[in-house]
Amino acid sequence: MPFRRPERLFKGYVFDLDGTVYLGDALLPGAKRTIETLRQAGCRMVFVSNKPVNTRQSYADKLTWLGLPTPVGDIVNSSQVLIRYLSGRAPGCRVFPIGEQVLCDELTEAGFILTESPEEIAYVIASFDRTFVYRKLQIAFDAIRSGAHLIATNADAYCPVPGGGEPDAASIIAAIEACTGHKIEFIAGKPSEMMARTALALLGTDPEESMMVGDRVETDILMGHRAGMSTAMPLTGATTLEALAQNEVQPDYILERLDHLLPTRTNAQTVLQ
Ligand SMILES: [Mg+2]
């Protein structure tokens with residue numbers, strides 16, 4: 001039996017959303033009980049998503065609508081981390097996002113200038129883009145050959161949706177890398193160190209007292225692992241036991257469902273002090 005549940009509660013939890021807390025528009029089994037129990041026990045939690053096609057507010061609204069009231073300040077997404085990165089390096093610079101409207105709006109609101117003139121572009125931003133066309137690839141190609149940097153919101157191969165998946169930012173990154181020979185310089189989303197630092201800063205807990213919970217080894221579990229957190233993986237999303245067995249990185253805990261994150265004898269006060 002490969003499943004293993006934690007024996008205690010942690011002071012802070014970082015939860016992935018898609019495939020961990022919900023799939024599509026439905027909470028996964030046990031998710032509501034888990035979040036509510038941890039909140040009642042006084043545990044801190046933040047929710048992280050690599051998906052850059054929704055605003056942080058829309059994630060907060062979705063959790064709230066699903067019965068788990070959550071403030072926007074408890075959400076971290078990859079576009080927010082990317083904007084932090086860019087703001088620290090080249091505030092207000094000219095960028096060309098291959099991404100959807102939400103990302104374009106967030107960049108504009110953060111003071112960046114969107115342009116399609118290759119020689120003006122300082123950063124090409126590869127992202128999840130269901131409006132992708134060849135013309136965008138041409139602009140990225142010309143810009144990078146003129147010296148633009150190449151960064152990405154995330155590097156997920158696909159985004160799980162009920163019954164399948166949608167090609168994600170990895171395919172856009174691969175297309176640009178293939179034609180330019182230029183390698184991606186920064187990826188904001190999981191498993192980046194900057195995303196882990198952003199989440200831990202919001203939690204206000206040390207990594208040793210914190211648990212990363214997510215359904216993907218190469219993003220969620222790897223990020224938690226590198227950041228020195230404990231890691232738990234519910235088998236409700238992108239990873240199967242067979243696929244997990246092939247992986248070098250292993251979660252500390254493997255859960256059949258999310259509420260197995262709760263210790264069998266939950267007495268939060270005594271565990272948390
Ligand atoms: Mg996930």
# chains A, B, ... in the order shown; residues from 1 in each chain; ligands from 1
>>> closest_atom_pairs(of="chain A", to="ligand 1", cutoff="8 Å", atoms="only C-alpha atoms and all ligand atoms", output="JSON lines")
{"residue": "A:Asp16", "atom": "CA", "partner": "ligand 1", "partner_atom_place_in_ligand_line": "1 (Mg)", "distance": 5.5}
{"residue": "A:Leu17", "atom": "CA", "partner": "ligand 1", "partner_atom_place_in_ligand_line": "1 (Mg)", "distance": 5.7}
{"residue": "A:Asp18", "atom": "CA", "partner": "ligand 1", "partner_atom_place_in_ligand_line": "1 (Mg)", "distance": 4.2}
{"residue": "A:Gly19", "atom": "CA", "partner": "ligand 1", "partner_atom_place_in_ligand_line": "1 (Mg)", "distance": 4.4}
{"residue": "A:Thr20", "atom": "CA", "partner": "ligand 1", "partner_atom_place_in_ligand_line": "1 (Mg)", "distance": 5.6}
{"residue": "A:Ser49", "atom": "CA", "partner": "ligand 1", "partner_atom_place_in_ligand_line": "1 (Mg)", "distance": 7.5}
{"residue": "A:Pro160", "atom": "CA", "partner": "ligand 1", "partner_atom_place_in_ligand_line": "1 (Mg)", "distance": 7.7}
{"residue": "A:Gly214", "atom": "CA", "partner": "ligand 1", "partner_atom_place_in_ligand_line": "1 (Mg)", "distance": 5.8}
{"residue": "A:Asp215", "atom": "CA", "partner": "ligand 1", "partner_atom_place_in_ligand_line": "1 (Mg)", "distance": 5.0}
{"residue": "A:Arg216", "atom": "CA", "partner": "ligand 1", "partner_atom_place_in_ligand_line": "1 (Mg)", "distance": 5.9}
{"residue": "A:Asp220", "atom": "CA", "partner": "ligand 1", "partner_atom_place_in_ligand_line": "1 (Mg)", "distance": 7.6}
{"residue": "A:Gly237", "atom": "CA", "partner": "ligand 1", "partner_atom_place_in_ligand_line": "1 (Mg)", "distance": 6.3}
{"residue": "A:Ala238", "atom": "CA", "partner": "ligand 1", "partner_atom_place_in_ligand_line": "1 (Mg)", "distance": 6.7}
>>> write_last_selection(atoms="C-alpha atoms", output="PDB file, in the first residue's frame")
ATOM      1  CA  ASP A  16      -2.410  23.831  -5.607  1.00  0.00           C
ATOM      2  CA  LEU A  17      -5.892  24.386  -7.054  1.00  0.00           C
ATOM      3  CA  ASP A  18      -6.556  22.484 -10.325  1.00  0.00           C
ATOM      4  CA  GLY A  19      -6.551  18.735  -9.691  1.00  0.00           C
ATOM      5  CA  THR A  20      -5.975  19.227  -5.966  1.00  0.00           C
ATOM      6  CA  SER A  49      -1.939  28.330  -9.430  1.00  0.00           C
ATOM      7  CA  PRO A 160      -6.186  19.333 -16.886  1.00  0.00           C
ATOM      8  CA  GLY A 214      -0.404  19.378  -5.115  1.00  0.00           C
ATOM      9  CA  ASP A 215      -1.157  16.820  -7.808  1.00  0.00           C
ATOM     10  CA  ARG A 216       1.959  17.270  -9.973  1.00  0.00           C
ATOM     11  CA  ASP A 220       4.065  21.187  -6.907  1.00  0.00           C
ATOM     12  CA  GLY A 237      -5.282  15.108 -10.746  1.00  0.00           C
ATOM     13  CA  ALA A 238      -2.399  14.843 -13.167  1.00  0.00           C
TER      14      ALA A 238
END
>>> residues_around(residues="A:Leu27", least_positions_apart="3", cutoff="12 Å", atoms="only C-alpha atoms", output="PyMOL selection string")
chain A and resi 17-24+30-35+62-68+236-237+257-259
>>> closest_residue(among="A:Cys93, A:Leu200, A:Leu103, A:Ala26", to="A:Thr153", atoms="only C-alpha atoms")
A:Leu103
>>> residues_around(residues="A:Ala169", least_positions_apart="5", cutoff="8 Å", atoms="only C-alpha atoms", output="MDAnalysis selection string")
chainID A and resid 126:129 152:158
>>> closest_residue(among="A:Asp252, A:Glu119, A:Glu36, A:Glu242", to="A:Val213", atoms="only C-alpha atoms")
A:Asp252
>>> select_by_dssp(residues="stretch 82-192 of chain A", states="strand (DSSP E or B)", output="number ranges by chain")
A: 94-98, 113-114, 123-126, 149-152, 158-161, 164-167, 186-187
>>> atom_distance(atom1="atom CA of A:Gly189", atom2="atom CA of A:Glu256")
25.6 Å
>>> atom_distance(atom1="atom CA of A:Met229", atom2="atom CA of A:Ser210")
5.5 Å
>>> closest_residue(among="A:Leu86, A:Cys43, A:Val81, A:Leu28", to="A:Leu262", atoms="only C-alpha atoms")
A:Cys43
